[in-house]
>>> print(open('query_22.cif').read())   # mmCIF, C-alpha atoms
data_input
loop_
_atom_site.label_atom_id
_atom_site.label_comp_id
_atom_site.auth_asym_id
_atom_site.auth_seq_id
_atom_site.Cartn_x
_atom_site.Cartn_y
_atom_site.Cartn_z
CA MET U 17 76.21 110.69 15.44
CA THR U 18 74.59 111.23 18.82
CA ASP U 19 71.32 113.16 18.73
CA LEU U 20 72.14 115.60 21.52
CA LEU U 21 68.67 117.13 21.76
CA ALA U 22 66.99 113.74 22.07
CA ALA U 23 69.57 112.69 24.65
CA ILE U 24 68.88 115.84 26.68
CA ASP U 25 65.16 115.05 26.71
CA THR U 26 65.75 111.41 27.71
CA HIS U 27 68.23 112.14 30.48
CA THR U 28 66.24 115.07 31.86
CA ALA U 29 63.18 112.84 32.20
CA ARG U 30 65.25 110.15 33.87
CA LEU U 31 66.80 112.60 36.33
CA VAL U 32 63.44 114.14 37.21
CA SER U 33 61.91 110.71 37.79
CA GLU U 34 64.66 109.63 40.16
CA ALA U 35 64.71 113.00 41.94
CA ARG U 36 60.95 112.78 42.57
CA ALA U 37 61.47 109.40 44.23
CA CYS U 38 64.24 110.73 46.49
CA ASP U 39 63.16 111.30 50.07
CA ASP U 40 66.20 113.31 51.23
CA LEU U 41 67.25 116.28 49.12
CA ALA U 42 69.17 117.67 52.11
CA ALA U 43 71.66 114.79 51.90
CA PRO U 44 75.14 115.58 50.57
CA SER U 45 75.69 115.27 46.85
CA LEU U 46 78.96 114.25 45.21
CA CYS U 47 79.65 117.96 44.55
CA GLU U 48 81.75 119.20 47.43
CA GLY U 49 79.79 121.57 49.64
CA TRP U 50 76.49 120.99 47.85
CA THR U 51 73.45 118.99 48.90
CA ARG U 52 71.19 117.30 46.36
CA ASP U 53 68.98 120.36 46.78
CA HIS U 54 71.81 122.59 45.58
CA VAL U 55 72.42 120.39 42.55
CA LEU U 56 68.77 120.48 41.49
CA ASN U 57 68.55 124.24 41.97
CA HIS U 58 71.68 124.61 39.87
CA LEU U 59 70.14 122.56 37.05
CA ALA U 60 67.06 124.79 36.99
CA ARG U 61 69.11 127.98 36.97
CA ASN U 62 71.41 126.48 34.32
CA ALA U 63 68.41 125.90 32.03
CA GLU U 64 67.41 129.53 32.39
CA ALA U 65 70.99 130.64 31.77
CA LEU U 66 71.25 128.62 28.57
CA CYS U 67 67.97 130.12 27.36
CA ARG U 68 69.62 133.51 27.73
CA LEU U 69 72.51 132.34 25.58
CA VAL U 70 70.19 131.02 22.88
CA ARG U 71 68.49 134.42 22.80
CA SER U 72 71.89 136.05 22.54
CA ALA U 73 72.83 133.80 19.61
CA VAL U 74 69.53 133.77 17.74
CA ASP U 75 67.96 137.12 18.65
CA SER U 76 71.18 139.13 19.17
CA THR U 77 70.11 140.25 22.65
CA GLY U 78 73.68 140.46 23.95
CA GLU U 79 72.76 138.53 27.10
CA THR U 80 75.39 136.58 28.99
CA MET U 81 74.89 133.23 30.70
CA TYR U 82 75.15 134.75 34.18
CA ALA U 83 75.36 138.35 35.37
CA SER U 84 78.34 137.44 37.56
CA PRO U 85 79.81 134.40 39.33
CA GLU U 86 78.47 135.76 42.61
CA ARG U 87 74.94 136.18 41.23
CA ARG U 88 75.06 132.66 39.82
CA ASP U 89 75.96 131.24 43.23
CA SER U 90 73.45 133.33 45.18
CA ASP U 91 70.60 132.36 42.86
CA ILE U 92 71.35 128.69 43.58
CA ASP U 93 71.61 129.23 47.33
CA ASP U 94 68.38 131.23 47.43
CA GLY U 95 66.41 128.26 46.12
CA VAL U 96 67.66 125.74 48.66
CA GLY U 97 65.29 124.61 51.42
CA ARG U 98 62.02 124.73 49.51
CA PRO U 99 59.67 121.72 49.39
CA ALA U 100 61.10 118.87 47.33
CA ASP U 101 58.21 118.82 44.86
CA VAL U 102 58.76 122.52 44.14
CA VAL U 103 62.49 122.07 43.56
CA VAL U 104 62.12 119.03 41.30
CA GLY U 105 59.15 120.59 39.52
CA GLU U 106 61.28 123.60 38.70
CA VAL U 107 63.93 121.40 37.10
CA GLU U 108 61.23 119.85 34.93
CA ASP U 109 59.51 123.15 34.12
CA THR U 110 62.64 125.08 33.17
CA ALA U 111 63.72 122.23 30.87
CA VAL U 112 60.67 122.75 28.64
CA PRO U 113 61.48 126.24 27.24
CA LEU U 114 65.15 125.27 27.01
CA ALA U 115 64.31 122.26 24.85
CA GLU U 116 62.33 124.56 22.56
CA ASP U 117 65.07 127.18 22.49
CA LEU U 118 67.88 124.74 21.70
CA ARG U 119 65.92 123.68 18.62
CA ARG U 120 66.13 127.27 17.38
CA LEU U 121 69.89 127.00 16.94
CA GLY U 122 71.10 126.44 13.40
CA PRO U 123 74.43 126.07 11.57
CA GLN U 124 74.66 129.86 11.31
CA HIS U 125 74.93 130.10 15.10
CA ARG U 126 77.64 127.47 15.52
CA ASP U 127 80.62 129.84 15.63
CA LEU U 128 79.03 132.77 17.43
CA VAL U 129 81.06 133.68 20.52
CA LEU U 130 79.00 133.84 23.70
CA GLU U 131 80.00 134.95 27.20
CA ARG U 132 79.55 133.12 30.47
CA THR U 133 79.73 136.44 32.35
CA PRO U 134 80.43 139.94 31.02
CA GLY U 135 84.09 139.93 29.98
CA GLY U 136 84.46 136.37 31.28
CA PRO U 137 85.04 132.98 29.65
CA THR U 138 83.56 132.43 26.21
CA PHE U 139 82.32 129.51 24.16
CA LYS U 140 80.61 129.08 20.81
CA GLY U 141 76.92 128.71 20.10
CA GLY U 142 77.33 125.25 18.68
CA MET U 143 78.40 123.98 22.11
CA LEU U 144 75.14 124.81 23.90
CA PRO U 145 73.35 121.45 23.40
CA PHE U 146 76.42 119.51 24.52
CA MET U 147 76.84 121.82 27.53
CA ARG U 148 73.30 121.11 28.69
CA LEU U 149 73.58 117.37 28.17
CA ARG U 150 76.81 117.34 30.15
CA GLU U 151 75.19 119.27 33.00
CA VAL U 152 72.19 116.95 33.17
CA VAL U 153 74.18 113.71 33.00
CA TYR U 154 77.05 114.70 35.29
CA HIS U 155 74.79 116.21 37.92
CA HIS U 156 72.47 113.21 37.76
CA VAL U 157 75.52 111.20 38.82
CA ASP U 158 76.27 113.82 41.49
CA LEU U 159 72.85 113.31 43.07
CA ASP U 160 74.25 109.95 44.26
CA LEU U 161 71.04 108.04 43.66
CA ASP U 162 70.82 105.01 41.37
CA PHE U 163 72.55 106.42 38.29
CA GLY U 164 76.24 106.40 37.40
CA PHE U 165 78.51 106.79 34.40
CA ASP U 166 78.35 103.02 33.82
CA ASP U 167 74.63 103.43 33.07
CA LEU U 168 75.26 105.65 30.05
CA ALA U 169 74.98 104.37 26.49
CA GLY U 170 78.37 103.66 24.97
CA ASP U 171 78.21 106.50 22.44
CA LEU U 172 77.65 109.01 25.24
CA GLN U 173 80.47 107.56 27.32
CA VAL U 174 82.82 107.99 24.35
CA LEU U 175 81.52 111.51 23.65
CA PHE U 176 82.15 112.62 27.22
CA ILE U 177 85.56 110.95 27.45
CA ASP U 178 86.61 112.69 24.23
CA ASN U 179 85.54 116.00 25.78
CA GLU U 180 87.35 115.32 29.06
CA ILE U 181 90.55 114.57 27.13
CA LYS U 182 90.21 117.94 25.36
CA ARG U 183 89.60 119.66 28.69
CA GLN U 184 92.81 118.16 30.07
CA GLN U 185 94.78 119.08 26.96
CA GLY U 186 93.60 122.67 27.19
CA VAL U 187 95.61 123.55 30.30
CA PRO U 188 99.32 123.48 31.18
CA GLY U 189 100.58 120.60 33.25
CA ALA U 190 98.29 117.92 31.85
CA PRO U 191 99.79 114.43 32.19
CA SER U 192 100.89 112.32 29.26
CA LEU U 193 99.11 108.99 29.30
CA THR U 194 97.34 106.32 27.30
CA LEU U 195 93.83 105.21 28.23
CA ARG U 196 92.53 101.80 27.17
CA SER U 197 88.93 100.85 27.86
CA ASP U 198 87.77 97.32 28.51
CA GLU U 199 85.49 97.84 25.51
CA GLY U 200 88.50 98.31 23.20
CA ASP U 201 88.84 102.10 22.91
CA VAL U 202 92.20 103.88 23.07
CA TRP U 203 92.79 107.54 23.93
CA THR U 204 96.07 109.39 24.30
CA LEU U 205 96.79 112.53 26.26
CA GLY U 206 99.98 114.41 25.44
CA ASP U 207 102.54 112.05 23.94
CA GLY U 208 100.83 109.03 25.44
CA GLY U 209 103.40 108.59 28.19
CA ASP U 210 106.06 105.93 28.64
CA ASP U 211 104.41 104.05 31.50
CA ALA U 212 101.77 101.35 31.42
CA PRO U 213 98.34 102.59 30.29
CA VAL U 214 95.43 103.46 32.52
CA THR U 215 92.70 100.89 31.94
CA GLY U 216 89.10 100.41 32.99
CA SER U 217 85.57 100.35 31.68
CA ARG U 218 84.38 103.36 29.75
CA GLY U 219 82.27 104.33 32.75
CA GLY U 220 85.22 103.96 35.10
CA ILE U 221 87.50 106.01 32.86
CA LEU U 222 84.88 108.74 32.58
CA ARG U 223 84.37 108.75 36.36
CA TRP U 224 88.10 109.27 36.84
CA LEU U 225 88.43 112.00 34.21
CA ALA U 226 85.25 113.84 35.15
CA ARG U 227 85.20 113.44 38.92
CA GLN U 228 88.76 112.32 39.79
CA ASP U 229 87.34 109.11 41.25
CA PRO U 230 89.90 106.35 40.53
CA SER U 231 87.74 103.46 41.74
CA GLY U 232 86.98 102.27 38.20
CA VAL U 233 90.45 102.44 36.65
CA ARG U 234 93.67 100.43 36.95
CA ALA U 235 97.30 101.50 36.56
CA ASP U 236 100.72 100.73 37.98
CA THR U 237 101.00 104.40 38.88
CA LEU U 238 97.97 106.60 38.38
CA PRO U 239 98.90 110.00 36.91
CA GLU U 240 97.60 113.16 38.54
CA LEU U 241 95.00 114.96 36.48
CA THR U 242 94.65 118.74 36.19
CA THR U 243 91.35 120.45 36.92
CA GLY U 244 90.90 120.84 33.16
CA LEU U 245 89.22 123.68 31.32
#
>>> encode(input="query_22.cif", output="structure tokens")
Amino acid sequence: MTDLLAAIDTHTARLVSEARACDDLAAPSLCEGWTRDHVLNHLARNAEALCRLVRSAVDSTGETMYASPERRDSDIDDGVGRPADVVVGEVEDTAVPLAEDLRRLGPQHRDLVLERTPGGPTFKGGMLPFMRLREVVYHHVDLDLDFGFDDLAGDLQVLFIDNEIKRQQGVPGAPSLTLRSDEGDVWTLGDGGDDAPVTGSRGGILRWLARQDPSGVRADTLPELTTGL
């Protein structure tokens, strides 16, 4: 079983190291409309937001992840344009209390329902470590530096692909298809579909599912994905 907390620490350190070496945070990221600067500011604010959710779960504070979608966006925008060392340092600094807080979660918090915004989407306390790992890894890829989904350990690739399949299955209109990785894994979505499977490396399959980038997969006819949950 993947040690999520250890993986968060490892991938946070790797992201911070590469971000410190980047000489152009104003360059576009792979997130539409966001620069690398935006992505890094988001990661810092996300760490603070997840700390709020840990407090809600463990200390019963009633806090939500964000006050509102608009406040979440404005807090990111407000941080853009600062010196690079300040921005990257904030990603590193905010990760420290989050790492401590995530270790406060226990089995008794797994099924607690937490809110993203007041009255908004919910998720359970047991998802918080995975949510942070996903943010760090995916947005490391989005920085468009020297790290991609192919650089992930195989267990993490499988973990994220499993999650992306669930995210597709959770909304109407998801395609039916079979995915076969070059490493020998098989996933099905819906009834598996009647057409030839979609194939590719684990990294390529994850890139397609997570970022709708088909460059690493092969198929006679590539199905259209939903936006997922």
>>> closest_residue(input="query_22.cif", among="U:Leu205, U:Ile181, U:Leu168, U:Ile24", to="Arg218 in chain U", atoms="all atoms listed in the file")
U:Leu168
>>> closest_residue(input="query_22.cif", among="U:Asp160, U:Glu116, U:Asp89, U:Asp75", to="Leu41 in chain U", atoms="all atoms listed in the file")
U:Asp160
>>> atom_distance(input="query_22.cif", atom1="CA of Leu46 in chain U", atom2="CA of Pro239 in chain U")
22.0 Å
>>> closest_residue(input="query_22.cif", among="U:Leu161, U:Leu56, U:Leu238, U:Ala42", to="Glu108 in chain U", atoms="only C-alpha atoms")
U:Leu56
>>> residues_around(input="query_22.cif", residues="Phe165 in chain U", least_positions_apart="5", cutoff="8 Å", atoms="only C-alpha atoms", output="PyMOL selection string")
chain U and resi 157+173+219-220+222-223
>>> residues_around(input="query_22.cif", residues="Arg183 in chain U", least_positions_apart="6", cutoff="9 Å", atoms="only C-alpha atoms", output="compact mmCIF listing (two decimals) with C-alpha atoms, keeping the file's coordinate frame")
# COMPACT_ATOMS: atom_id res chain seq x y z
CA THR U 243 91.35 120.45 36.92
CA GLY U 244 90.90 120.84 33.16
CA LEU U 245 89.22 123.68 31.32
>>> residues_around(input="query_22.cif", residues="Ala63 in chain U", least_positions_apart="5", cutoff="8 Å", atoms="all atoms listed in the file", output="ChimeraX atom specification")
/U:110-111,114,148
>>> resolve_selection(input="query_22.cif", expression="the PyMOL selection byres ((chain U and resi 126) around 10)", output="list in words")
Ala73, Leu121, Gly122, Pro123, Gln124, His125, Asp127, Leu128, Val129, Lys140, Gly141, Gly142, Met143 and Leu144 of chain U
>>> resolve_selection(input="query_22.cif", expression="the PyMOL selection byres ((chain U and resi 221) around 12)", output="ChimeraX atom specification")
/U:165-166,173-174,176-178,180-181,194-199,201-203,213-220,222-235,238
>>> build_atoms(input="query_22.cif", residues="range 120-138 of chain U", atoms="N, CA and C atoms", output="tab-separated table (two decimals), in the frame of the given file")
chain	number	residue	atom	x	y	z
U	120	ARG	N	66.05	126.07	18.21
U	120	ARG	CA	66.13	127.27	17.38
U	120	ARG	C	67.53	127.49	16.82
U	121	LEU	N	68.51	126.81	17.40
U	121	LEU	CA	69.89	127.00	16.94
U	121	LEU	C	70.10	126.31	15.59
U	122	GLY	N	70.79	127.00	14.72
U	122	GLY	CA	71.10	126.44	13.40
U	122	GLY	C	72.58	126.52	13.11
U	123	PRO	N	73.00	126.02	11.95
U	123	PRO	CA	74.43	126.07	11.57
U	123	PRO	C	75.00	127.48	11.60
U	124	GLN	N	74.18	128.48	11.34
U	124	GLN	CA	74.66	129.86	11.31
U	124	GLN	C	75.03	130.38	12.69
U	125	HIS	N	74.62	129.67	13.74
U	125	HIS	CA	74.93	130.10	15.10
U	125	HIS	C	76.11	129.35	15.70
U	126	ARG	N	76.64	128.39	14.96
U	126	ARG	CA	77.64	127.47	15.52
U	126	ARG	C	78.89	128.19	16.02
U	127	ASP	N	79.35	129.19	15.29
U	127	ASP	CA	80.62	129.84	15.63
U	127	ASP	C	80.45	131.18	16.33
U	128	LEU	N	79.23	131.52	16.70
U	128	LEU	CA	79.03	132.77	17.43
U	128	LEU	C	79.67	132.66	18.81
U	129	VAL	N	80.39	133.68	19.23
U	129	VAL	CA	81.06	133.68	20.52
U	129	VAL	C	80.12	134.24	21.58
U	130	LEU	N	79.90	133.47	22.62
U	130	LEU	CA	79.00	133.84	23.70
U	130	LEU	C	79.77	133.90	25.01
U	131	GLU	N	79.29	134.74	25.94
U	131	GLU	CA	80.00	134.95	27.20
U	131	GLU	C	79.30	134.28	28.38
U	132	ARG	N	80.10	133.67	29.23
U	132	ARG	CA	79.55	133.12	30.47
U	132	ARG	C	79.14	134.25	31.40
U	133	THR	N	80.02	135.22	31.60
U	133	THR	CA	79.73	136.44	32.35
U	133	THR	C	80.32	137.60	31.55
U	134	PRO	N	79.88	138.82	31.79
U	134	PRO	CA	80.43	139.94	31.02
U	134	PRO	C	81.95	140.01	31.12
U	135	GLY	N	82.63	139.90	30.00
U	135	GLY	CA	84.09	139.93	29.98
U	135	GLY	C	84.73	138.66	30.47
U	136	GLY	N	83.93	137.62	30.74
U	136	GLY	CA	84.46	136.37	31.28
U	136	GLY	C	84.71	135.33	30.21
U	137	PRO	N	84.77	134.06	30.60
U	137	PRO	CA	85.04	132.98	29.65
U	137	PRO	C	84.01	132.95	28.53
U	138	THR	N	84.44	132.49	27.37
U	138	THR	CA	83.56	132.43	26.21
U	138	THR	C	83.49	131.01	25.66
